[in-house]
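The next block holds one structure in the form of structure tokens; read it before the comments.
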Amino acid sequence: MAEISGILARVRERKPLVHHITNWVTIYECAAITRAVGALPVMAHAEEESAEMAGISGALVLNIGTLTPQIVSSMVSAGRMANAKGVPVILDGVGVGATKLRTEKAKEIMGKVKLAVIKGNRSEIGTLAGAKAETKGVEAVSVEGDLDAIAKKLAKASGATVVITGKRDVVASPSGEVYNIDNGHEMMGRVVGTGCMAASMIGAFCAVEKDYAKAAAAALACFGIAGELAAKRAKAPMAFKSALIDEVYSLGEDDVKRMARVEVIG
Amino acid sequence: MAEISGILARVRERKPLVHHITNWVTIYECAAITRAVGALPVMAHAEEESAEMAGISGALVLNIGTLTPQIVSSMVSAGRMANAKGVPVILDGVGVGATKLRTEKAKEIMGKVKLAVIKGNRSEIGTLAGAKAETKGVEAVSVEGDLDAIAKKLAKASGATVVITGKRDVVASPSGEVYNIDNGHEMMGRVVGTGCMAASMIGAFCAVEKDYAKAAAAALACFGIAGELAAKRAKAPMAFKSALIDEVYSLGEDDVKRMARVEVIG
Amino acid sequence: MAEISGILARVRERKPLVHHITNWVTIYECAAITRAVGALPVMAHAEEESAEMAGISGALVLNIGTLTPQIVSSMVSAGRMANAKGVPVILDGVGVGATKLRTEKAKEIMGKVKLAVIKGNRSEIGTLAGAKAETKGVEAVSVEGDLDAIAKKLAKASGATVVITGKRDVVASPSGEVYNIDNGHEMMGRVVGTGCMAASMIGAFCAVEKDYAKAAAAALACFGIAGELAAKRAKAPMAFKSALIDEVYSLGEDDVKRMARVEVIG
């Protein structure tokens, strides 16, 4: 996919504001990766301002990692304003399937806000797609069925691009395109917050590329390549996390062209 | 104590889910150390899901570092579910003695939830044990009396294992056993979050070892050893924090056997 | 300004408690820099304890980066207690001008609490001073007029010392003194949280120096010098952030004397 480095270049040039209503665990990491890739992060969860902030943003990232009903209400307000202004909304369904609240609230957001991208690991997306799946806390345990098919099914049903992150990332558009992204490194699965950071990257890319499936695939390729580069110099999780964000910051467009492993299969 | 490396090995093998309702300052560090030691962290503070999440967890860590009455109410719900399911509950009494709210709410939790472990620094535990003590913010200033005796007294009164962290860590079981752990490095006292991370380690170890005093002593020995190893390569707090978590990740069972300095004195 | 290293030395000697009611993005970084410079951080946002904690503190830092009306109410309680006890209060107006809520709530705090220092970037302070200004999320886009004059105007109108951070930092006292601080490095603008950390540094310095303009100028000089030293060994944002905090920790009083670039121009 030749456009990946071009989308990255546009993020760096346009510096879109990426508004997050996110969790309290990885909120710094979400901001840091957004800044590192060249966009401008902002976090504003109060219902009294979340919609106004969404209205001036280039993308809105909703992450339910430490949700409360009050925060979800603010997400819906922000999401509706984003919809009204044509701002893409990304939902990261952290922990869907682990508790009733997470599953219900993810579905509530899907029902009330038109989403550009729904992202999760295989059991989170599996749960939303109606597959048999098990989530343990915020970790995927299992899902029945083929991931490409699950992503396609949920994309078609929801009208949103669907992203399943994992060893191989899968991106499915509502119109039936599927991307497989084979960049990344196993250390990314051992660090707290890589999933959340991936959603922030997708937000930044969707702010500058209207083909959201392409934007998501490009974001995941860049993030995965940064992970591969980080793994060359960091062997433990905290050193790796720092290196990962810094490699996103330093990522050369030539590295992206040379290293991207994205296949369009749909 | 020969079992320390065995308990660590069990954490890594079983990967227990450790649910946290914790503070907003060190929440990432709590998740990171939990993951680094081989367990799976999850953070879910909404009262609508905290009990459900506690019910599927291997341990529950309650940390009152940035408490509100609402969060404490959610802690009690989660704690009661944990009690019903036999899941060990660890209370980290951050700042007890500094404000009325912290002292009262710690006592409220102790009254409503059966705790496996109550942890704090010397002035926090001193306050709960009824000793004359002074806490400045979240720092221990002073406590009157012998720490082993204070820990034993509170353990007996509360029925929980009591942990006092400091240069020498003290662990006292309700049945009168006392452990002294002399691992650690003075840099650990200069980094924000080491106390909170110690509670997360204790949670992970209690998830796989029913003798909670032994589990806590083992967790503190491993954490202290990691601190000693980290101090060899990091001389300032942020570098040290990163190294500390990474040394927990890399900790060899042989290092544990060779370096542990745990004395059973009760 | 010869006193800079002396003020730093007093922070390290007296270890003042610096109470924060701050945002959830950079709360760890605020605590870490406070600790690194030699003070003791505490974070307590519950209205049931924020005033009590403020009353035993050496300084109170209010940061509206992720404000809610409830948090602002707690800030006001804490601020009033600080006023009653003579504890200096620092307001960091994060995102003022970006949303109505931020601008209104900053003004509400200014109306209800006597502030020692009001801090922001050029568009945040410009907005509060009544200049034409644009803020994008939490980033300054533009402000009309001379920064020294804007700072002086707001200082005179508010009775507080006013700090504008940027490539050149400006500090104006209510009595008309103006400091320009030319320490710092452009990497500081690429890292999430440097503005918030600067406010924490100012809090620590105001806790030991009653001339708040001098304290703020000294804090910004020290922070900027640490940034210059950090830039010598770190070229990407996460490595730089870690190095920045660690250089504050290691900062030699001789380095401060040799490297400080503070000009009194008012």
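Residue numbering restarts at 1 for every chain of the structure tokens, chains are lettered A, B, ... in their displayed order, and ligands are numbered from 1 as they appear.
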
Can you list, as number ranges by chain, every protein, DNA or RNA residue that comes within 8 Å of segment 195-202 of chain C when you count only C-alpha atoms, leaving out same-chain residues fewer than 4 positions away?
-> C: 18, 26, 29-31, 33-34, 37, 61, 63, 90-92, 119-120, 165, 206, 215-216, 219-220, 223

Would you output that residue set with N, CA and C atoms, as a PDB file, in the first residue's frame?
```pdb
ATOM      1  N   VAL C  18       3.626  19.897  48.474  1.00  0.00           N
ATOM      2  CA  VAL C  18       2.964  20.645  47.399  1.00  0.00           C
ATOM      3  C   VAL C  18       1.711  19.878  46.987  1.00  0.00           C
ATOM      4  N   THR C  26      -1.321  14.200  33.111  1.00  0.00           N
ATOM      5  CA  THR C  26       0.077  14.391  33.530  1.00  0.00           C
ATOM      6  C   THR C  26       0.226  14.352  35.046  1.00  0.00           C
ATOM      7  N   GLU C  29       3.465  12.877  36.146  1.00  0.00           N
ATOM      8  CA  GLU C  29       4.592  13.752  35.840  1.00  0.00           C
ATOM      9  C   GLU C  29       4.657  14.929  36.836  1.00  0.00           C
ATOM     10  N   CYS C  30       3.497  15.465  37.216  1.00  0.00           N
ATOM     11  CA  CYS C  30       3.470  16.539  38.222  1.00  0.00           C
ATOM     12  C   CYS C  30       4.059  16.048  39.548  1.00  0.00           C
ATOM     13  N   ALA C  31       3.651  14.853  39.947  1.00  0.00           N
ATOM     14  CA  ALA C  31       4.177  14.297  41.197  1.00  0.00           C
ATOM     15  C   ALA C  31       5.674  14.033  41.075  1.00  0.00           C
ATOM     16  N   ILE C  33       8.015  15.379  39.113  1.00  0.00           N
ATOM     17  CA  ILE C  33       8.900  16.552  39.065  1.00  0.00           C
ATOM     18  C   ILE C  33       8.955  17.220  40.443  1.00  0.00           C
ATOM     19  N   THR C  34       7.831  17.195  41.150  1.00  0.00           N
ATOM     20  CA  THR C  34       7.801  17.774  42.498  1.00  0.00           C
ATOM     21  C   THR C  34       8.775  17.020  43.405  1.00  0.00           C
ATOM     22  N   VAL C  37      12.536  17.636  42.361  1.00  0.00           N
ATOM     23  CA  VAL C  37      13.157  18.907  42.744  1.00  0.00           C
ATOM     24  C   VAL C  37      13.399  18.976  44.250  1.00  0.00           C
ATOM     25  N   VAL C  61      -1.252  23.718  43.961  1.00  0.00           N
ATOM     26  CA  VAL C  61      -1.240  23.878  42.505  1.00  0.00           C
ATOM     27  C   VAL C  61      -2.587  23.423  41.941  1.00  0.00           C
ATOM     28  N   ASN C  63      -4.650  22.874  38.508  1.00  0.00           N
ATOM     29  CA  ASN C  63      -4.416  22.690  37.073  1.00  0.00           C
ATOM     30  C   ASN C  63      -5.719  22.197  36.454  1.00  0.00           C
ATOM     31  N   ILE C  90      -1.198  28.409  43.053  1.00  0.00           N
ATOM     32  CA  ILE C  90      -0.780  28.570  41.658  1.00  0.00           C
ATOM     33  C   ILE C  90      -1.895  28.015  40.779  1.00  0.00           C
ATOM     34  N   LEU C  91      -2.356  28.803  39.821  1.00  0.00           N
ATOM     35  CA  LEU C  91      -3.365  28.325  38.866  1.00  0.00           C
ATOM     36  C   LEU C  91      -2.713  28.128  37.507  1.00  0.00           C
ATOM     37  N   ASP C  92      -2.818  26.903  36.979  1.00  0.00           N
ATOM     38  CA  ASP C  92      -2.335  26.622  35.627  1.00  0.00           C
ATOM     39  C   ASP C  92      -3.563  26.543  34.711  1.00  0.00           C
ATOM     40  N   LYS C 119      -0.593  30.996  35.665  1.00  0.00           N
ATOM     41  CA  LYS C 119       0.355  30.535  34.642  1.00  0.00           C
ATOM     42  C   LYS C 119      -0.382  29.988  33.436  1.00  0.00           C
ATOM     43  N   GLY C 120       0.175  30.195  32.267  1.00  0.00           N
ATOM     44  CA  GLY C 120      -0.385  29.616  31.062  1.00  0.00           C
ATOM     45  C   GLY C 120       0.539  29.868  29.889  1.00  0.00           C
ATOM     46  N   THR C 165       4.500  30.879  29.679  1.00  0.00           N
ATOM     47  CA  THR C 165       5.581  29.983  29.266  1.00  0.00           C
ATOM     48  C   THR C 165       5.663  29.925  27.744  1.00  0.00           C
ATOM     49  N   CYS C 206       7.529  28.558  45.239  1.00  0.00           N
ATOM     50  CA  CYS C 206       6.722  29.540  45.987  1.00  0.00           C
ATOM     51  C   CYS C 206       6.532  29.113  47.445  1.00  0.00           C
ATOM     52  N   ALA C 215      10.350  33.679  42.770  1.00  0.00           N
ATOM     53  CA  ALA C 215      10.240  32.215  42.889  1.00  0.00           C
ATOM     54  C   ALA C 215       9.901  31.592  41.533  1.00  0.00           C
ATOM     55  N   ALA C 216       8.941  32.186  40.832  1.00  0.00           N
ATOM     56  CA  ALA C 216       8.523  31.630  39.537  1.00  0.00           C
ATOM     57  C   ALA C 216       9.655  31.714  38.522  1.00  0.00           C
ATOM     58  N   ALA C 219      12.189  29.070  39.371  1.00  0.00           N
ATOM     59  CA  ALA C 219      11.699  27.734  39.027  1.00  0.00           C
ATOM     60  C   ALA C 219      11.816  27.482  37.525  1.00  0.00           C
ATOM     61  N   LEU C 220      11.435  28.475  36.735  1.00  0.00           N
ATOM     62  CA  LEU C 220      11.479  28.313  35.277  1.00  0.00           C
ATOM     63  C   LEU C 220      12.912  28.251  34.771  1.00  0.00           C
ATOM     64  N   PHE C 223      14.111  24.725  35.610  1.00  0.00           N
ATOM     65  CA  PHE C 223      13.444  23.756  34.739  1.00  0.00           C
ATOM     66  C   PHE C 223      14.032  23.845  33.324  1.00  0.00           C
TER      67      PHE C 223
END
```

Taking only C-alpha atoms into account, produce a table as CSV in which each residue of chain B with an atom at most 7 Å from an atom of chain A appears once, together with its shortest atom pair and the distance in Å to one decimal, ordered by chain and rising number.
```
residue,atom,partner,partner_atom,distance
B:Leu17,CA,A:Gly137,CA,6.9
B:Trp24,CA,A:Trp24,CA,6.5
B:Ile27,CA,A:Val25,CA,5.4
B:Tyr28,CA,A:Val25,CA,4.9
B:Ala31,CA,A:Val192,CA,6.8
B:Ala32,CA,A:Val192,CA,5.9
B:Val42,CA,A:Gly137,CA,5.4
B:Met43,CA,A:Thr66,CA,6.6
B:Ala44,CA,A:Thr66,CA,5.5
B:His45,CA,A:Thr66,CA,6.8
B:Ala46,CA,A:Thr68,CA,5.2
B:Glu48,CA,A:Leu101,CA,6.7
B:Glu49,CA,A:Leu101,CA,6.1
B:Glu52,CA,A:Thr99,CA,6.5
B:Met53,CA,A:Thr99,CA,6.6
B:Ser242,CA,A:Met238,CA,5.4
B:Ile245,CA,A:Met238,CA,6.8
B:Asp246,CA,A:Ala236,CA,5.4
B:Tyr249,CA,A:Ala236,CA,6.9
```

Alpha helix (DSSP H) call set, DSSP backbone run, segment 56-255 of chain C, as a ChimeraX atom specification | /C:69-85,100-112,122-129,147-158,194-206,212-231,237-250,253-255

Can I get the selection written as a compact mmCIF listing (two decimals), in the first residue's frame, with C-alpha atoms?
```txt
# COMPACT_ATOMS: atom_id res chain seq x y z
CA PRO C 69 -17.38 21.57 37.67
CA GLN C 70 -17.11 19.26 40.68
CA ILE C 71 -13.31 19.36 40.62
CA VAL C 72 -13.36 23.15 40.29
CA SER C 73 -15.61 23.32 43.33
CA SER C 74 -13.01 21.30 45.24
CA MET C 75 -10.28 23.62 43.92
CA VAL C 76 -12.14 26.61 45.30
CA SER C 77 -12.53 24.98 48.73
CA ALA C 78 -8.86 24.12 48.81
CA GLY C 79 -7.88 27.56 47.53
CA ARG C 80 -9.89 29.34 50.21
CA MET C 81 -8.30 27.28 52.95
CA ALA C 82 -4.88 27.99 51.42
CA ASN C 83 -5.71 31.70 51.47
CA ALA C 84 -6.74 31.49 55.11
CA LYS C 85 -3.47 29.79 56.04
CA LYS C 100 -16.21 28.17 27.31
CA LEU C 101 -15.97 25.94 30.36
CA ARG C 102 -12.22 26.42 30.71
CA THR C 103 -12.35 30.18 30.30
CA GLU C 104 -15.28 30.58 32.67
CA LYS C 105 -13.94 28.27 35.33
CA ALA C 106 -10.49 29.89 35.27
CA LYS C 107 -12.16 33.24 35.82
CA GLU C 108 -14.36 31.77 38.57
CA ILE C 109 -11.27 30.50 40.40
CA MET C 110 -9.58 33.88 39.95
CA GLY C 111 -12.65 35.53 41.43
CA LYS C 112 -12.98 33.27 44.45
CA ARG C 122 0.56 32.88 25.48
CA SER C 123 -2.96 32.26 24.23
CA GLU C 124 -4.26 31.08 27.61
CA ILE C 125 -2.89 34.15 29.42
CA GLY C 126 -3.85 36.34 26.48
CA THR C 127 -7.44 35.18 26.81
CA LEU C 128 -7.48 35.94 30.53
CA ALA C 129 -5.90 39.35 29.91
CA LEU C 147 3.85 39.25 25.90
CA ASP C 148 5.56 41.39 28.54
CA ALA C 149 2.73 43.91 28.28
CA ILE C 150 0.03 41.21 28.43
CA ALA C 151 1.60 39.66 31.51
CA LYS C 152 1.97 43.05 33.21
CA LYS C 153 -1.63 43.94 32.42
CA LEU C 154 -3.05 40.73 33.89
CA ALA C 155 -0.72 40.92 36.89
CA LYS C 156 -1.91 44.41 37.67
CA ALA C 157 -5.57 43.56 37.12
CA SER C 158 -5.51 40.34 39.12
CA THR C 194 6.18 20.09 30.40
CA GLY C 195 3.77 22.97 31.01
CA CYS C 196 2.14 21.12 33.88
CA MET C 197 5.52 20.21 35.34
CA ALA C 198 6.57 23.85 35.18
CA ALA C 199 3.57 24.76 37.34
CA SER C 200 4.56 22.11 39.89
CA MET C 201 8.11 23.51 39.98
CA ILE C 202 6.68 27.00 40.54
CA GLY C 203 4.57 25.63 43.38
CA ALA C 204 7.59 24.09 45.08
CA PHE C 205 9.59 27.33 44.75
CA CYS C 206 6.72 29.54 45.99
CA TYR C 212 6.44 34.86 44.05
CA ALA C 213 7.72 36.52 40.88
CA LYS C 214 11.27 35.74 41.90
CA ALA C 215 10.24 32.22 42.89
CA ALA C 216 8.52 31.63 39.54
CA ALA C 217 11.46 33.00 37.56
CA ALA C 218 13.87 30.82 39.53
CA ALA C 219 11.70 27.73 39.03
CA LEU C 220 11.48 28.31 35.28
CA ALA C 221 15.22 28.92 35.01
CA CYS C 222 15.98 25.66 36.83
CA PHE C 223 13.44 23.76 34.74
CA GLY C 224 14.81 25.25 31.52
CA ILE C 225 18.40 24.46 32.48
CA ALA C 226 17.38 20.87 33.18
CA GLY C 227 15.83 20.83 29.71
CA GLU C 228 19.05 22.06 28.15
CA LEU C 229 21.01 19.34 29.94
CA ALA C 230 18.46 16.68 29.02
CA ALA C 231 18.61 17.65 25.34
CA PRO C 237 10.19 12.79 23.52
CA MET C 238 9.91 9.88 25.96
CA ALA C 239 13.65 9.66 26.49
CA PHE C 240 13.69 13.44 26.85
CA LYS C 241 10.89 13.49 29.43
CA SER C 242 12.67 10.94 31.56
CA ALA C 243 15.96 12.83 31.23
CA LEU C 244 14.30 16.16 32.01
CA ILE C 245 12.92 14.97 35.34
CA ASP C 246 16.18 13.24 36.17
CA GLU C 247 18.18 16.38 35.38
CA VAL C 248 15.95 18.35 37.77
CA TYR C 249 16.78 15.72 40.38
CA SER C 250 20.51 15.95 39.71
CA GLU C 253 23.67 24.57 42.17
CA ASP C 254 26.81 25.44 40.21
CA ASP C 255 25.08 24.54 36.93
```

Residues at most 9 Å from Gly159 of chain B, counting only C-alpha atoms, excluding those fewer than 6 positions away in the same chain, as a PyMOL selection string?
-> chain B and resi 114-116+173-175

Separation of atom CA of Arg14 of chain A from atom CA of Asp182 of chain C in Å = 28.7 Å
